[in-house]
>>> print(open('input.cif').read())   # mmCIF, C-alpha atoms
data_structure
#
loop_
_atom_site.label_atom_id
_atom_site.label_comp_id
_atom_site.auth_asym_id
_atom_site.auth_seq_id
_atom_site.Cartn_x
_atom_site.Cartn_y
_atom_site.Cartn_z
CA MET A 1 0.00 0.00 0.00
CA PRO A 2 1.52 3.40 -0.94
CA GLU A 3 2.43 5.59 2.01
CA GLU A 4 0.31 8.70 2.56
CA PRO A 5 2.19 11.84 1.44
CA TYR A 6 1.41 13.68 4.67
CA ASN A 7 -0.63 12.97 7.73
CA PRO A 8 -2.69 16.08 8.61
CA SER A 9 -3.30 14.68 12.07
CA PRO A 10 -0.24 13.00 13.57
CA ILE A 11 0.04 11.24 16.93
CA GLY A 12 -0.16 13.77 19.73
CA ASN A 13 -2.27 16.21 17.72
CA PRO A 14 -4.33 18.10 20.31
CA SER A 15 -7.16 18.85 17.84
CA VAL A 16 -10.70 17.63 18.57
CA LEU A 17 -10.49 14.99 15.82
CA ALA A 18 -7.08 13.42 15.59
CA ARG A 19 -7.25 9.93 14.08
CA ARG A 20 -7.46 8.30 17.48
CA ASN A 21 -9.63 5.50 16.07
CA TRP A 22 -10.97 4.32 12.67
CA TRP A 23 -14.00 6.58 12.49
CA GLN A 24 -11.99 9.65 13.45
CA THR A 25 -9.52 8.72 10.72
CA ILE A 26 -12.32 8.63 8.15
CA LEU A 27 -13.67 11.98 9.38
CA VAL A 28 -10.23 13.63 9.43
CA LYS A 29 -9.51 12.50 5.87
CA PHE A 30 -12.94 13.67 4.70
CA ILE A 31 -12.62 17.08 6.35
CA GLY A 32 -9.00 17.46 5.20
CA LYS A 33 -10.11 16.80 1.63
CA HIS A 34 -13.18 19.06 1.60
CA THR A 35 -11.97 22.14 3.47
CA PRO A 36 -9.24 24.60 2.43
CA LYS A 37 -5.67 23.57 3.31
CA CYS A 38 -4.02 25.48 6.15
CA ARG A 39 -1.96 27.74 3.88
CA GLU A 40 -5.20 28.91 2.25
CA MET A 41 -7.11 28.88 5.54
CA VAL A 42 -4.77 31.42 7.20
CA ARG A 43 -5.35 33.77 4.28
CA ILE A 44 -9.12 33.33 4.65
CA LEU A 45 -8.88 33.87 8.41
CA SER A 46 -7.05 37.14 7.85
CA GLN A 47 -9.66 38.26 5.33
CA SER A 48 -12.43 37.38 7.79
CA MET A 49 -11.00 40.05 10.11
CA ASP A 50 -11.96 42.64 7.49
CA GLU A 51 -15.20 41.35 5.99
CA PRO A 52 -17.71 38.64 6.92
CA LEU A 53 -17.16 35.24 5.33
CA PRO A 54 -19.93 33.61 3.27
CA LEU A 55 -21.95 31.04 5.25
CA ILE A 56 -20.46 28.05 3.39
CA MET A 57 -16.93 29.23 4.20
CA ARG A 58 -17.85 29.75 7.85
CA ILE A 59 -19.04 26.14 7.98
CA LYS A 60 -15.85 24.91 6.26
CA LYS A 61 -13.77 26.90 8.73
CA ARG A 62 -15.56 25.32 11.71
CA LEU A 63 -15.07 21.84 10.23
CA HIS A 64 -11.42 22.55 9.52
CA PHE A 65 -10.89 23.68 13.12
CA LEU A 66 -12.04 20.22 14.28
CA ILE A 67 -8.96 18.65 12.70
CA CYS A 68 -6.54 21.57 13.02
CA CYS A 69 -5.87 23.24 16.34
CA TRP A 70 -3.12 25.31 14.65
CA CYS A 71 -5.52 27.20 12.41
CA GLN A 72 -7.87 27.66 15.36
CA ARG A 73 -4.99 29.10 17.38
CA TYR A 74 -4.04 31.30 14.45
CA GLU A 75 -7.52 32.85 14.40
CA GLU A 76 -7.50 33.38 18.17
CA GLN A 77 -4.10 35.05 17.88
CA LEU A 78 -5.28 37.38 15.11
CA ARG A 79 -8.08 38.53 17.42
CA TYR A 80 -5.65 38.82 20.31
CA MET A 81 -3.33 40.99 18.20
CA ARG A 82 -6.23 43.24 17.26
CA ARG A 83 -7.30 43.67 20.89
CA THR A 84 -3.79 44.54 22.01
CA ALA A 85 -3.00 46.70 18.95
CA ARG A 86 -6.07 48.84 19.74
CA GLN A 87 -4.59 49.51 23.16
CA PHE A 88 -1.11 50.33 21.88
CA PRO A 89 -1.59 54.10 21.34
CA GLU A 90 -2.36 54.73 25.00
CA HIS A 91 0.75 52.79 26.01
CA ALA A 92 3.07 54.33 23.45
CA ASP A 93 5.04 56.09 26.19
CA GLU A 94 5.93 52.67 27.67
CA ALA A 95 6.82 51.23 24.26
CA SER A 96 9.68 53.55 23.55
CA ASP A 97 12.31 55.69 25.21
CA VAL A 98 12.53 58.33 22.49
CA PRO A 99 13.03 61.57 24.40
CA PHE A 100 10.25 64.12 24.43
CA SER A 101 12.58 67.01 25.11
CA ILE A 102 11.87 70.11 27.17
CA GLU A 103 12.68 72.19 24.07
CA MET A 104 10.03 70.40 22.04
CA ARG A 105 7.54 70.71 24.88
CA GLU A 106 8.15 74.45 25.13
CA ARG A 107 8.10 74.89 21.35
CA ILE A 108 4.67 73.25 21.17
CA LYS A 109 3.33 75.36 24.02
CA ARG A 110 4.69 78.49 22.39
CA LYS A 111 3.09 77.67 19.04
CA LEU A 112 -0.21 76.93 20.76
CA ALA A 113 -0.07 80.33 22.49
CA GLU A 114 0.63 82.06 19.17
CA THR A 115 -2.16 80.31 17.26
CA PRO A 116 -5.41 82.25 17.06
CA ARG A 117 -8.50 80.23 17.94
CA MET B 1 -6.53 81.52 22.69
CA SER B 2 -7.87 82.42 26.14
CA ALA B 3 -5.72 82.07 29.24
CA THR B 4 -7.85 79.14 30.49
CA ASP B 5 -7.55 77.32 27.16
CA LEU B 6 -3.82 77.87 27.12
CA GLN B 7 -3.51 76.57 30.65
CA ALA B 8 -5.43 73.41 29.77
CA ALA B 9 -3.40 72.85 26.59
CA SER B 10 -0.20 73.38 28.54
CA ARG B 11 -1.22 70.73 31.06
CA TRP B 12 -2.10 68.27 28.26
CA VAL B 13 1.34 68.78 26.73
CA ASP B 14 2.94 68.01 30.11
CA ASP B 15 0.71 65.05 31.00
CA HIS B 16 0.19 63.35 27.65
CA GLY B 17 2.72 64.90 25.26
CA GLU B 18 5.24 62.10 25.68
CA CYS B 19 2.70 59.36 24.93
CA LEU B 20 1.26 61.19 21.93
CA TYR B 21 4.67 62.04 20.51
CA ARG B 22 5.94 58.49 20.79
CA TYR B 23 2.80 57.10 19.21
CA ALA B 24 2.95 59.60 16.36
CA LEU B 25 6.60 58.74 15.84
CA VAL B 26 5.84 55.00 15.61
CA ARG B 27 3.31 55.82 12.93
CA VAL B 28 5.05 58.45 10.80
CA ARG B 29 8.73 57.87 11.66
CA LYS B 30 9.76 61.50 11.05
CA PRO B 31 10.18 63.59 14.25
CA GLU B 32 9.20 66.86 12.55
CA VAL B 33 5.99 65.32 11.15
CA ALA B 34 5.19 63.77 14.54
CA GLU B 35 5.64 67.16 16.21
CA ASP B 36 3.37 68.87 13.67
CA LEU B 37 0.70 66.22 14.20
CA MET B 38 0.86 66.75 17.96
CA GLN B 39 0.59 70.46 17.47
CA GLU B 40 -2.54 70.02 15.37
CA THR B 41 -3.93 67.55 17.91
CA PHE B 42 -3.63 69.93 20.85
CA LEU B 43 -5.07 72.75 18.81
CA ALA B 44 -8.04 70.64 17.76
CA ALA B 45 -8.45 69.55 21.39
CA VAL B 46 -8.65 73.15 22.59
CA ARG B 47 -11.19 73.96 19.88
CA GLY B 48 -13.31 70.90 20.61
CA TYR B 49 -13.00 70.78 24.39
CA GLU B 50 -16.66 71.64 24.89
CA LYS B 51 -17.63 68.46 23.03
CA PHE B 52 -15.39 66.27 25.17
CA GLY B 53 -17.79 65.83 28.05
CA GLY B 54 -15.50 63.50 30.02
CA ARG B 55 -16.99 60.26 28.65
CA SER B 56 -13.52 58.76 28.25
CA SER B 57 -10.19 59.55 29.84
CA GLU B 58 -8.41 62.68 28.69
CA ARG B 59 -5.64 60.58 27.17
CA SER B 60 -8.07 58.40 25.16
CA TRP B 61 -9.74 61.53 23.87
CA LEU B 62 -6.44 63.10 22.81
CA VAL B 63 -5.26 59.81 21.26
CA GLY B 64 -8.55 59.69 19.31
CA ILE B 65 -7.89 63.17 17.89
CA LEU B 66 -4.29 62.25 17.05
CA LYS B 67 -5.46 59.10 15.22
CA ASN B 68 -7.68 61.26 13.00
CA LYS B 69 -4.78 63.59 12.31
CA ILE B 70 -2.60 60.62 11.37
CA VAL B 71 -5.28 59.29 9.01
CA ASP B 72 -5.47 62.75 7.40
CA HIS B 73 -1.69 62.69 7.05
CA PHE B 74 -1.77 59.32 5.31
CA ARG B 75 -4.62 60.47 3.11
CA LYS B 76 -2.34 63.25 1.90
CA VAL B 77 0.69 60.96 1.56
CA GLY B 78 -1.44 58.34 -0.22
CA ARG B 79 -2.32 60.91 -2.87
CA GLU B 80 1.31 61.82 -3.34
CA LYS B 81 2.90 58.39 -3.59
CA SER B 82 1.62 55.09 -4.84
CA PHE B 83 0.59 52.44 -2.36
CA THR B 84 -0.40 49.99 -5.04
CA ASP B 85 2.91 48.21 -5.52
CA ILE B 86 2.95 45.60 -2.80
CA GLU B 87 6.25 45.43 -1.02
CA PHE B 88 7.96 42.11 -0.84
CA LEU B 89 7.69 40.60 2.63
CA SER B 90 9.59 37.31 2.96
CA ASP B 91 7.85 34.45 1.20
CA GLU B 92 4.71 34.28 3.32
CA PHE B 93 6.53 31.89 5.64
CA SER B 94 6.39 29.00 3.21
CA GLU B 95 8.60 26.89 5.51
CA LYS B 96 5.71 26.85 7.97
CA PHE B 97 3.67 24.63 5.66
CA VAL B 98 4.36 21.24 4.13
CA PRO B 99 4.13 21.08 0.32
CA ILE B 100 0.49 19.96 0.27
CA GLY B 101 -0.54 22.97 2.35
CA PHE B 102 -1.04 21.78 5.94
CA TRP B 103 0.88 23.33 8.83
CA ASN B 104 4.25 21.81 9.54
CA HIS B 105 3.22 20.78 13.04
CA ASP B 106 6.55 21.59 14.63
CA LEU B 107 6.42 25.13 13.26
CA GLY B 108 2.69 25.88 13.62
CA PRO B 109 1.36 28.53 16.03
CA HIS B 110 2.18 27.83 19.67
CA GLU B 111 -0.28 28.43 22.46
CA TRP B 112 -0.21 31.96 23.88
CA LYS B 113 -1.02 32.09 27.53
CA PRO B 114 -1.28 35.63 28.89
CA GLU B 115 -4.54 37.44 28.38
CA PRO B 116 -4.50 40.99 26.94
CA ASP B 117 -5.49 42.40 30.31
CA GLU B 118 -2.30 40.97 31.77
CA VAL B 119 0.13 42.17 29.11
CA VAL B 120 -1.16 45.73 28.98
CA HIS B 121 0.46 46.33 32.34
CA ARG B 122 3.88 45.27 31.09
CA ALA B 123 6.04 47.87 29.41
CA GLU B 124 8.29 45.14 27.94
CA PHE B 125 5.37 43.78 25.91
CA TRP B 126 4.74 47.18 24.31
CA GLN B 127 8.45 47.48 23.50
CA VAL B 128 8.35 44.10 21.75
CA MET B 129 5.20 45.14 19.90
CA ARG B 130 6.88 48.37 18.74
CA ASP B 131 10.03 46.51 17.62
CA CYS B 132 7.94 43.98 15.70
CA LEU B 133 5.95 46.75 14.01
CA SER B 134 9.13 48.55 13.05
CA LYS B 135 10.33 45.44 11.19
CA LEU B 136 7.37 45.61 8.78
CA PRO B 137 7.99 47.35 5.45
CA GLU B 138 6.70 50.93 5.49
CA LYS B 139 3.58 50.56 3.36
CA ILE B 140 2.52 47.32 4.99
CA ARG B 141 3.00 48.87 8.42
CA ALA B 142 0.93 51.90 7.43
CA VAL B 143 -1.93 49.69 6.26
CA PHE B 144 -1.77 47.42 9.32
CA THR B 145 -1.64 50.21 11.90
CA MET B 146 -4.45 52.13 10.25
CA ARG B 147 -6.66 49.06 10.20
CA GLU B 148 -5.75 47.44 13.52
CA MET B 149 -4.63 50.27 15.77
CA ASP B 150 -6.87 53.05 14.54
CA GLY B 151 -9.77 50.75 13.66
CA VAL B 152 -10.36 52.45 10.31
CA PRO B 153 -12.87 50.35 8.27
CA SER B 154 -11.18 48.45 5.43
CA LYS B 155 -13.14 50.28 2.71
CA GLU B 156 -11.94 53.57 4.11
CA VAL B 157 -8.31 52.38 4.26
CA CYS B 158 -8.58 51.45 0.56
CA ALA B 159 -9.99 54.89 -0.25
CA ILE B 160 -7.39 56.76 1.82
CA LEU B 161 -4.44 54.92 0.30
CA SER B 162 -5.99 54.41 -3.15
CA ILE B 163 -5.54 50.65 -3.10
CA SER B 164 -7.84 47.82 -4.18
CA ASP B 165 -9.58 45.44 -1.75
CA SER B 166 -7.39 42.55 -2.88
CA ASN B 167 -4.20 44.58 -2.36
CA LEU B 168 -5.38 45.48 1.12
CA TRP B 169 -6.07 41.85 2.03
CA VAL B 170 -2.68 40.69 0.77
CA MET B 171 -0.89 43.43 2.70
CA LEU B 172 -2.85 42.79 5.90
CA HIS B 173 -2.34 39.04 5.62
CA ARG B 174 1.41 39.48 5.28
CA ALA B 175 1.54 41.98 8.13
CA ARG B 176 -0.47 39.75 10.46
CA MET B 177 1.59 36.69 9.61
CA ALA B 178 4.86 38.55 10.22
CA LEU B 179 3.70 40.30 13.39
CA ARG B 180 2.29 37.08 14.85
CA GLU B 181 5.56 35.31 14.21
CA CYS B 182 7.60 38.15 15.68
CA LEU B 183 5.47 38.41 18.84
CA GLU B 184 5.65 34.66 19.36
CA MET B 185 9.42 34.54 18.98
CA ASN B 186 10.20 37.64 21.00
CA TRP B 187 7.54 37.57 23.68
CA PHE B 188 5.32 34.51 24.01
CA ASP B 189 8.12 31.96 23.63
CA THR B 190 10.38 33.79 26.07
CA PRO B 191 10.36 33.55 29.88
CA ALA B 192 8.94 37.11 30.00
CA GLY B 193 5.97 36.04 27.89
CA GLY B 194 5.14 33.16 30.14
CA THR B 195 4.85 30.12 27.83
CA ALA B 196 8.52 29.14 27.60
#
>>> encode(input="input.cif", output="structure tokens")
Amino acid sequence: MPEEPYNPSPIGNPSVLARRNWWQTILVKFIGKHTPKCREMVRILSQSMDEPLPLIMRIKKRLHFLICCWCQRYEEQLRYMRRTARQFPEHADEASDVPFSIEMRERIKRKLAETPR
Amino acid sequence: MSATDLQAASRWVDDHGECLYRYALVRVRKPEVAEDLMQETFLAAVRGYEKFGGRSSERSWLVGILKNKIVDHFRKVGREKSFTDIEFLSDEFSEKFVPIGFWNHDLGPHEWKPEPDEVVHRAEFWQVMRDCLSKLPEKIRAVFTMREMDGVPSKEVCAILSISDSNLWVMLHRARMALRECLEMNWFDTPAGGTA
């Protein structure tokens, strides 16, 4: 019997379905064949952050997540990055040590005083 | 400007100037542009103070004004130089996937433990975030920060930078992939990040 080119669900895979028995193996193979591969899925996941996915793609994504904890993690991490990125501006002073000099401070105050309302 | 307005503006410069300047600098890179944007922000804040109403913190309000000023800046820059040629950004991490397209399991995303509420209190995390952002090519960084930090809707980002939807998605995908990888390597997989 020819060897499979790649096993999408190796031993130790923490995904929900992971070829732990014969019926899981059938399901994993079926889902692996009928949902986008991970390389394509990460592109779709990124796009879904910017516009809603069609219903059929949302279903495929959910099915794919059953056999692939990595793509599921990837989506969670995209959301995590968005949540933290939104908070970045208010923490910008902690993110850098670029000096905000007294001269610049005074220059800004002076310009503000000179500007008519 | 009245004496009271000037006093308020002066206090904002002292209390929030450093944060606003550093944020503007992360976004536009040029100190003189960052300073001009701050100037405009404080001026707009004085003019619009009556509308403030104290619904958010003073800093959030000022950051909100600065974000608008930055978007206006990019709108102007977008008109002047083309954003349509997508900059090359590695090879979309092709080593992460096996030839038939599944994740290479040893190189797939690791679990990230700390919750956002925990990391926001750690200055080191924001330094890593800034370093990772600074590694992105200029145009890709501009698109990513406008979309993810400023929360500008994607249609508006396309209009501001005169790029197509598909260009935007490619640029955002590359930025997210690169930033995720960088944060994992430099924060989440280190003892400081908590999962190592």
>>> residues_around(input="input.cif", residues="stretch 60-72 of chain B", least_positions_apart="6", cutoff="10 Å", atoms="all atoms listed in the file", output="PyMOL selection string")
(chain A and resi 87+89-90) or (chain B and resi 12+16-17+19-21+23-24+27-28+33-34+36-42+44-45+48-49+52+54+78+142+146+149-152+157+160-161)
>>> closest_residue(input="input.cif", among="B:Leu133, B:Ala8, B:Leu43, B:Ile140", to="chain A", atoms="only C-alpha atoms")
B:Leu43
>>> interface_residues(input="input.cif", of="chain A", to="chain B", cutoff="7 Å", atoms="only C-alpha atoms", output="PyMOL selection string")
chain A and resi 8+37-39+43+46-47+50+70+73-74+82+84-86+89-96+98+100+105+108-109+112-113+116-117
>>> write_last_selection(input="input.cif", atoms="C-alpha atoms", output="PDB file, in the frame of the given file")
ATOM      1  CA  PRO A   8      -2.690  16.080   8.610  1.00  0.00           C
ATOM      2  CA  LYS A  37      -5.670  23.570   3.310  1.00  0.00           C
ATOM      3  CA  CYS A  38      -4.020  25.480   6.150  1.00  0.00           C
ATOM      4  CA  ARG A  39      -1.960  27.740   3.880  1.00  0.00           C
ATOM      5  CA  ARG A  43      -5.350  33.770   4.280  1.00  0.00           C
ATOM      6  CA  SER A  46      -7.050  37.140   7.850  1.00  0.00           C
ATOM      7  CA  GLN A  47      -9.660  38.260   5.330  1.00  0.00           C
ATOM      8  CA  ASP A  50     -11.960  42.640   7.490  1.00  0.00           C
ATOM      9  CA  TRP A  70      -3.120  25.310  14.650  1.00  0.00           C
ATOM     10  CA  ARG A  73      -4.990  29.100  17.380  1.00  0.00           C
ATOM     11  CA  TYR A  74      -4.040  31.300  14.450  1.00  0.00           C
ATOM     12  CA  ARG A  82      -6.230  43.240  17.260  1.00  0.00           C
ATOM     13  CA  THR A  84      -3.790  44.540  22.010  1.00  0.00           C
ATOM     14  CA  ALA A  85      -3.000  46.700  18.950  1.00  0.00           C
ATOM     15  CA  ARG A  86      -6.070  48.840  19.740  1.00  0.00           C
ATOM     16  CA  PRO A  89      -1.590  54.100  21.340  1.00  0.00           C
ATOM     17  CA  GLU A  90      -2.360  54.730  25.000  1.00  0.00           C
ATOM     18  CA  HIS A  91       0.750  52.790  26.010  1.00  0.00           C
ATOM     19  CA  ALA A  92       3.070  54.330  23.450  1.00  0.00           C
ATOM     20  CA  ASP A  93       5.040  56.090  26.190  1.00  0.00           C
ATOM     21  CA  GLU A  94       5.930  52.670  27.670  1.00  0.00           C
ATOM     22  CA  ALA A  95       6.820  51.230  24.260  1.00  0.00           C
ATOM     23  CA  SER A  96       9.680  53.550  23.550  1.00  0.00           C
ATOM     24  CA  VAL A  98      12.530  58.330  22.490  1.00  0.00           C
ATOM     25  CA  PHE A 100      10.250  64.120  24.430  1.00  0.00           C
ATOM     26  CA  ARG A 105       7.540  70.710  24.880  1.00  0.00           C
ATOM     27  CA  ILE A 108       4.670  73.250  21.170  1.00  0.00           C
ATOM     28  CA  LYS A 109       3.330  75.360  24.020  1.00  0.00           C
ATOM     29  CA  LEU A 112      -0.210  76.930  20.760  1.00  0.00           C
ATOM     30  CA  ALA A 113      -0.070  80.330  22.490  1.00  0.00           C
ATOM     31  CA  PRO A 116      -5.410  82.250  17.060  1.00  0.00           C
ATOM     32  CA  ARG A 117      -8.500  80.230  17.940  1.00  0.00           C
TER      33      ARG A 117
END
>>> closest_residue(input="input.cif", among="B:Pro31, B:Glu138, B:Lys113, B:Thr4", to="A:Ser101", atoms="only C-alpha atoms")
B:Pro31
>>> atom_distance(input="input.cif", atom1="atom CA of B:Glu95", atom2="atom CA of B:Ile163")
29.0 Å
>>> closest_residue(input="input.cif", among="A:Met104, A:Ala18, A:Met57, A:Leu66", to="A:Glu40", atoms="all atoms listed in the file")
A:Met57
>>> atom_distance(input="input.cif", atom1="atom CA of A:Ile56", atom2="atom CA of A:Ile31")
13.8 Å
>>> atom_distance(input="input.cif", atom1="atom CA of B:His73", atom2="atom CA of B:Ser134")
18.8 Å
>>> resolve_selection(input="input.cif", expression="the PyMOL selection byres ((chain A and resi 34) around 12)", output="number ranges by chain")
A: 27-33, 35-37, 56-57, 59-61, 63-64, 67
>>> closest_residue(input="input.cif", among="B:Cys132, B:Val143, B:Glu118, B:Ser162", to="B:Met185", atoms="all atoms listed in the file")
B:Cys132
>>> closest_residue(input="input.cif", among="A:Met49, A:Lys111, A:Ile26, A:Glu106", to="A:Glu76", atoms="all atoms listed in the file")
A:Met49
